[in-house]
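A.B. asks: Handing you this structure, nothing more for now.
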Amino acid sequence: MDYRITTAVAVLAIALAPRPLEAQTYRLQAMGGASLAIEDETLSLTPYDFDGNPAWMARDETATRLDVAPSGGYVSGDYRRRYSAEAIDRYRAKFDGVKNLDSSGVFRGSVDYLYEARQRYERSLKRVPYGGEAFFYADTTAGEFRYNGPDVRATYAFEPIDGLTLGAFGRYMLLDGLKRVYTYAEVVDRDVVGVFGAAYEPTPGIVFGATVELEDESEKITANDVNLREVETYYYRGERYRVSDRGSTSEQRIRKTRFEPRAQIHWRPFEDLELAAAGGPAHRNTIVEIPTGLIIEYEEGYASFDGVEAKAAARWRATERVTAGARVGYEQTASWSKISDRDLLIWEWETDAIGVEGGFAYEGDGFLATIEAGATMRNADSTKYIDRRFVSISSTDVRFLAAGEIAVTENAVARAGVGYETFEHDFLYGGEDATALRGALGAELDVGGSDLSLAFQFDRRESGGKTRDRVALIVAIRLWTF
Amino acid sequence: MNVRIIIAVGALALAYGCAEDPPTIHEGETRVELTVVGDTSVYDTTTSTPVPLAGAEFTFASEYGKQFYVADENGRVVIDGLPSSFYNVAARARHPEFEFILLAGNLNDAPIISGSTLIDTIEARQIANTGVEIHEIYAGGPDNNFFYFYDQFIELYNYSGETKYLDGWIVYRVSGNRDEGGPGFDAGADDDIDGAIYIFKFPGEPGEKNIPFPPDSYVVLAQDAVDHRNSISTSIDLTNADWEFYNQYSSTDIDNPNVPNLSNLRSEKTVDFMINLVSDVIVVSNGEDAVWEDGIDIETIVDALEYQSKTYLLKTLDPRVDRSFALSPPKYTGQSMQRTEPGNDTNDGLLDWEQIPFPTPGYHK
């Protein structure tokens with residue numbers, strides 16, 4: 001089982017979905033993620049909603065609002081990979097506001113405070129052990145690892161001339177992590193993202209957009225035993241071979257950069273039909289460094305990722321009550337890792353995925369019902385030179401989803417969704433013939449002019465008799481004036 | 001203003017978008033073909049013909065740690081896919097006719113690099129022995145976070161089959177000579193090793209027979225022969241040690257009156273015989289070269305060991321004394337290091353020594 005190409009391909013699945021700059025709406029979360037055929041202000045196919053182009057926010061986000069949204073979740077189960085946690089508690093407190101500045105544009109800002117506790121996190125000292133690189137950093141113990149810190153985001157968009165919008169998105173996240181057993185590793189993970197976008201509407205109904213996305217992440221890991229003993233850590237090169245590092249302190253710094261130019265087009269040929277396409281190349285790299293002095297760092301390894309991604313979607317309001325939606329996507333990524341000082345290639349992999357999905361929604365008097373189905377074909381080839389392992393995997397994954405909402409009273413809406421997925425090969429957790437069952441329940445209440453949303457989600461992923469469960473609860477209050 | 005923003009974004013994009021080309025050589029294409037031959041002639045044989053040592057044990061040591069292989073009936077190992085590195089290779093085998101004779105050989109800093117084949121022959125030699133070996137060194141201290149390491153000890157073992165006498169023998173800590181090759185290096189190429197900083201001596205003079213060391217027995221030399229459990233519960237009781245290092249020039253060194261002492265020969269050193277917890281050189285000599293200032297004559301050395309915490313650190317002890325070094329356990333973990341079996345002295349610390357989970361003063365586990 002080639003477990004370490006799983007993350008890369010898991011990323012593909014995400015890429016086939018919309019790329020909103022913020023999380024899904026609370027409405028979607030309460031309906032199991034249904035999105036293809038539902039008409040919603042946050043689900044349009046414009047460059048902002050469909051592909052995260054901040055410029056078009058000047059048109060899409062016109063209402064001033066403030067969301068206060070605490071949430072919590074729990075993941076547990078024995079279906080997992082080698083360097084992963086037995087269970088994860090995750091909590092966040094989110095404040096997300098949009099301010100319409102009239103002719104000066106639109107500003108959106110959000111502040112999250114994240115808290116995550118990983119129970120029996122198996123040996124890895126990296127926050128993201130499966131990042132697609134051939135390098136691991138581990139000690140000898142499984143134990144609790146806690147991360148917490150703020151995640152601040154801001155978006156600004158304006159329309160300097162009629163039809164042309166410009167925008168920028170920025171994110172700064174700073175997480176502190178601490179392993180609570182030997183080697184008592186401390187982590188400082190800093191992630192900075194910038195997206196610069198422009199969108200142009202030459203004639204009503206057609207929008208062209210372009211974005212440039214840059215990311216710079218640095219994760220510094222310092223293992224330093226609080227009991228003043230020595231610590232022993234391992235720099236893994238591939239799966240089998242490792243270099244031991246022993247001393248009063250052991251450190252590693254992982255630096256990641258990403259560059260992603262993208263283009264979008266949105267076309268509304270007539271009022272009931274919406275079409276969109278987006279895509280672009282992407283390049284990112286990871287450098288693993290080991291400090292050898294106060295300011296000198298030795299480059300242990302380097303990994304490169306190059307890819308291209310494209311997607312298209314359509315939504316058609318066939319009748320007054322029926323809406324149809326469809327989406328196709330393609331992504332290809334190639335990566336290699338090397339040992340820097342010897343300039344030796346130790347791992348190469350390549351993945352591609354193509355996905356097709358479609359759905360219908362029926363809107364009755366006081367209710368909405370939707371069904372969705374989709375299939376994704378994935379291929380992955382991996383050559384681990386250092387471990388002398390060569391793997392080629394293909395998988396066809398199928399998903400179904402049914403969801404609905406119903407107005408219970410004039411001020412209350414109840415929502416639910418249930419989904420089922422099958423995976424020939426589960427790239428996320430490495431199992432064969434895996435299944436995933438998803439359920440969601442939720443409600444929205446109008447309380448004195450403010451909206452109170454609730455969403456409860458439950459997932460069970462299963463393969464070979466092993467399961468991994470996830471539950472999450474989101475509570476959101478939306479204030480329309482502040 | 002807008003032009004500046006565009007230029008700034010463009011510069012950032014250029015910086016972030018630059019991609020390296022992948023290396024042209026990939027890992028995993030190493031091949032090693034090594035043969036070990038040894039001189040098996042004994043006693044009155046005047047000519048010798050090296051013969052392949054069937055079943056010889058090979059140890060490959062590099063930054064990736066140690067890996068073990070066994071030779072075929074032709075004394076040969078063929079290994080594909082070792083990760084590229086510079087390896088210290090050691091081979092050893094029992095004499096085909098006489099079990100008590102060991103043959104050992106080395107190949108140091110051998111380049112095993114992807115895309116190439118290393119073909120070589122190791123010539124193993126019979127190991128000359130003195131009959132007494134350093135058998136265990138407990139240096140790292142017990143499991144504690146108070147920097148307690150005063151329960152250190154050195155254990156000797158007599159594997160000669162006859163009684164030895166320790167009169168006038170000297171135990172050295174060799175950690176000086178940093179500017180001239182490092183501890184244990186033969187600076188000046190005058191057949192001695194340099195860098196002794198602590199020199200403690202058994203009573204008497206070499207050649208006297210007042211301190212017998214019976215065959216197949218152990219002698220424990222304690223830094224302080226007391227029950228260290230009174231200080232740290234995870235420590236050990238050394239009140240039954242055979243000897244105690246005692247610095248007569250120190251006003252604070254502990255002296256158990258029931259345990260005889262090795263005494264300090266350097267009056268300017270006023271501390272006990274403390275050794276480094278993870279990295280040091282320990283030497284035992286027969287005392288016939290008492291002039292330590294010009295180095296310790298190699299021919300007087302009974303046994304010596306260099307221990308280090310990592311496989312890739314520079315070895316400094318003269319290879320005529322020991323060809324490699326032992327890997328020490330982490331400090332303050334209560335672990336110790338000892339020979340893999342009593343009498344296993346091939347003058348190759350990497351092969352002969354292992355880490356053990358707890359100290360074993362006076363016995364082998």
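Going by the structure tokens order, chains are called A, B, ..., each with residues numbered from 1, while ligands are numbered from 1 in the order shown.
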Find the residues of chain A in contact range of chain B, meaning any atom within 9 Å when counting only C-alpha atoms, and list them as a PyMOL selection string.
C.D. replies: chain A and resi 196+212-216+226-232+241-247+257-261+282-285+304-306+336-339+342-347+384-388
A.B. asks: Write the residues of the preceding selection, restricted to C-alpha atoms, as a JSON list (two decimals), in the first residue's frame.
C.D. replies:
```
[["chain", "number", "residue", "atom", "x", "y", "z"],
["A", 196, "PHE", "CA", -4.26, 39.15, -6.00],
["A", 212, "VAL", "CA", -2.14, 35.08, -8.66],
["A", 213, "GLU", "CA", -1.84, 33.12, -5.44],
["A", 214, "LEU", "CA", 1.31, 33.07, -3.35],
["A", 215, "GLU", "CA", 1.94, 31.15, -0.17],
["A", 216, "ASP", "CA", 4.84, 31.02, 2.21],
["A", 226, "VAL", "CA", 12.00, 19.30, 29.58],
["A", 227, "ASN", "CA", 13.72, 16.80, 31.84],
["A", 228, "LEU", "CA", 17.12, 18.01, 30.60],
["A", 229, "ARG", "CA", 17.98, 14.70, 29.04],
["A", 230, "GLU", "CA", 19.11, 14.23, 25.51],
["A", 231, "VAL", "CA", 16.55, 13.85, 22.80],
["A", 232, "GLU", "CA", 16.85, 11.51, 19.86],
["A", 241, "TYR", "CA", 16.23, 4.86, 5.97],
["A", 242, "ARG", "CA", 16.71, 7.44, 8.65],
["A", 243, "VAL", "CA", 19.45, 9.56, 10.11],
["A", 244, "SER", "CA", 19.51, 9.81, 13.86],
["A", 245, "ASP", "CA", 20.06, 13.15, 15.54],
["A", 246, "ARG", "CA", 20.84, 13.17, 19.23],
["A", 247, "GLY", "CA", 21.60, 16.04, 21.51],
["A", 257, "THR", "CA", 6.28, 28.14, -1.03],
["A", 258, "ARG", "CA", 3.51, 28.02, -3.60],
["A", 259, "PHE", "CA", 2.80, 29.99, -6.73],
["A", 260, "GLU", "CA", -0.47, 29.55, -8.56],
["A", 261, "PRO", "CA", -1.67, 31.79, -11.40],
["A", 282, "ALA", "CA", 0.64, 25.49, -9.94],
["A", 283, "HIS", "CA", 4.11, 25.19, -8.57],
["A", 284, "ARG", "CA", 5.14, 24.64, -5.01],
["A", 285, "ASN", "CA", 8.20, 23.40, -3.27],
["A", 304, "SER", "CA", 9.12, 20.04, -5.97],
["A", 305, "PHE", "CA", 5.50, 19.88, -7.05],
["A", 306, "ASP", "CA", 4.21, 20.98, -10.44],
["A", 336, "TRP", "CA", 10.05, 14.71, -6.97],
["A", 337, "SER", "CA", 12.18, 14.79, -3.82],
["A", 338, "LYS", "CA", 15.93, 14.83, -3.48],
["A", 339, "ILE", "CA", 18.61, 14.60, -0.83],
["A", 342, "ARG", "CA", 24.27, 14.57, -2.60],
["A", 343, "ASP", "CA", 21.84, 15.85, -5.22],
["A", 344, "LEU", "CA", 20.23, 12.43, -5.41],
["A", 345, "LEU", "CA", 16.67, 11.88, -6.52],
["A", 346, "ILE", "CA", 14.93, 9.66, -3.98],
["A", 347, "TRP", "CA", 11.26, 9.79, -4.93],
["A", 384, "LYS", "CA", 10.59, 5.43, -4.40],
["A", 385, "TYR", "CA", 14.17, 4.99, -5.50],
["A", 386, "ILE", "CA", 15.66, 4.96, -2.04],
["A", 387, "ASP", "CA", 13.26, 2.26, -0.83],
["A", 388, "ARG", "CA", 13.31, 0.46, -4.19]]
```
A.B. asks: Give me the residues near Ala241 (chain B) as an mmCIF file with N, CA and C atoms, in the first residue's frame, where near means some atom within 10 Å (using only C-alpha atoms) and where sequence neighbours in that chain fewer than 6 positions away do not count.
C.D. replies:
```cif
data_model
loop_
_atom_site.group_PDB
_atom_site.id
_atom_site.type_symbol
_atom_site.label_atom_id
_atom_site.label_comp_id
_atom_site.auth_asym_id
_atom_site.auth_seq_id
_atom_site.Cartn_x
_atom_site.Cartn_y
_atom_site.Cartn_z
ATOM 1 N N PHE B 153 30.938 4.032 36.287
ATOM 2 C CA PHE B 153 31.949 3.015 36.585
ATOM 3 C C PHE B 153 32.513 2.437 35.296
ATOM 4 N N GLU B 155 34.277 -1.256 33.958
ATOM 5 C CA GLU B 155 34.413 -2.665 34.352
ATOM 6 C C GLU B 155 35.446 -3.342 33.465
ATOM 7 N N VAL B 219 36.276 -6.826 37.300
ATOM 8 C CA VAL B 219 36.703 -5.837 38.289
ATOM 9 C C VAL B 219 35.970 -4.535 37.985
ATOM 10 N N VAL B 220 35.293 -4.015 39.011
ATOM 11 C CA VAL B 220 34.519 -2.786 38.824
ATOM 12 C C VAL B 220 35.252 -1.615 39.456
ATOM 13 N N LEU B 221 35.499 -0.578 38.638
ATOM 14 C CA LEU B 221 36.176 0.622 39.112
ATOM 15 C C LEU B 221 35.137 1.734 39.182
ATOM 16 N N ALA B 222 34.753 2.100 40.410
ATOM 17 C CA ALA B 222 33.667 3.065 40.576
ATOM 18 C C ALA B 222 34.209 4.478 40.737
ATOM 19 N N GLN B 223 33.493 5.421 40.181
ATOM 20 C CA GLN B 223 33.869 6.816 40.451
ATOM 21 C C GLN B 223 33.733 7.087 41.943
ATOM 22 N N ASP B 224 32.622 6.684 42.507
ATOM 23 C CA ASP B 224 32.416 6.749 43.955
ATOM 24 C C ASP B 224 31.713 5.472 44.384
ATOM 25 N N ALA B 225 32.360 4.712 45.261
ATOM 26 C CA ALA B 225 31.840 3.400 45.651
ATOM 27 C C ALA B 225 30.844 3.541 46.790
ATOM 28 N N VAL B 226 29.731 4.147 46.486
ATOM 29 C CA VAL B 226 28.675 4.336 47.505
ATOM 30 C C VAL B 226 27.347 3.868 46.918
ATOM 31 N N ASN B 258 36.054 1.151 52.793
ATOM 32 C CA ASN B 258 36.038 -0.305 52.602
ATOM 33 C C ASN B 258 36.431 -0.737 51.198
ATOM 34 N N VAL B 259 36.643 0.229 50.333
ATOM 35 C CA VAL B 259 36.990 -0.090 48.948
ATOM 36 C C VAL B 259 38.356 0.528 48.638
ATOM 37 N N PRO B 260 39.296 -0.285 48.130
ATOM 38 C CA PRO B 260 40.626 0.267 47.829
ATOM 39 C C PRO B 260 40.563 1.287 46.687
ATOM 40 N N PRO B 361 27.116 -3.878 36.828
ATOM 41 C CA PRO B 361 28.446 -3.905 37.465
ATOM 42 C C PRO B 361 28.765 -5.283 38.022
ATOM 43 N N GLY B 362 29.857 -5.854 37.533
ATOM 44 C CA GLY B 362 30.325 -7.136 38.048
ATOM 45 C C GLY B 362 29.788 -8.337 37.327
#
```
A.B. asks: Would you list the contacts of Ser250 (chain B) as an NGL selection string, taking every protein, DNA or RNA residue within 9 Å and counting only C-alpha atoms, but skipping same-chain residues closer than 2 positions in sequence?
C.D. replies: :B and (246-248 or 252-253 or 269-272)
A.B. asks: Just the residues within 6 Å of region 266-269 of chain A, please, counting only C-alpha atoms, with nothing from its chain fewer than 5 positions along; format it as a PDB file with N, CA and C atoms, in the first residue's frame.
C.D. replies:
```pdb
ATOM      1  N   THR A  46     -19.682  32.563 -10.106  1.00  0.00           N
ATOM      2  CA  THR A  46     -18.843  33.722 -10.396  1.00  0.00           C
ATOM      3  C   THR A  46     -17.404  33.452  -9.961  1.00  0.00           C
ATOM      4  N   GLY A 205     -23.121  39.722 -18.198  1.00  0.00           N
ATOM      5  CA  GLY A 205     -23.284  38.285 -18.396  1.00  0.00           C
ATOM      6  C   GLY A 205     -21.990  37.552 -18.650  1.00  0.00           C
ATOM      7  N   ILE A 206     -20.916  38.277 -18.948  1.00  0.00           N
ATOM      8  CA  ILE A 206     -19.619  37.620 -19.150  1.00  0.00           C
ATOM      9  C   ILE A 206     -18.576  38.277 -18.249  1.00  0.00           C
ATOM     10  N   VAL A 207     -17.881  37.439 -17.497  1.00  0.00           N
ATOM     11  CA  VAL A 207     -16.821  37.939 -16.609  1.00  0.00           C
ATOM     12  C   VAL A 207     -15.553  37.135 -16.865  1.00  0.00           C
ATOM     13  N   GLU A 274     -26.138  29.318 -16.155  1.00  0.00           N
ATOM     14  CA  GLU A 274     -24.882  29.891 -15.658  1.00  0.00           C
ATOM     15  C   GLU A 274     -23.764  28.910 -15.998  1.00  0.00           C
ATOM     16  N   LEU A 275     -22.696  29.391 -16.594  1.00  0.00           N
ATOM     17  CA  LEU A 275     -21.562  28.536 -16.944  1.00  0.00           C
ATOM     18  C   LEU A 275     -20.286  29.149 -16.376  1.00  0.00           C
ATOM     19  N   ALA A 276     -19.369  28.296 -16.023  1.00  0.00           N
ATOM     20  CA  ALA A 276     -18.105  28.821 -15.495  1.00  0.00           C
ATOM     21  C   ALA A 276     -16.978  27.842 -15.770  1.00  0.00           C
TER      22      ALA A 276
END
```
A.B. asks: How far is it from CA of Tyr236 (chain A) to CA of Ala134 (chain A), in Å with one decimal?
C.D. replies: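 Separation between CA of Tyr236 (chain A) and CA of Ala134 (chain A): 7.9 Å.
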A.B. asks: Any idea what's packed within 6 Å of Thr422 (chain A), counting only C-alpha atoms, ignoring anything in its chain fewer than 4 positions away? Could you give it as a list in words?
C.D. replies: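 In the requested form, the answer reads Asp397, Val398, Ala434 and Thr435 of chain A.
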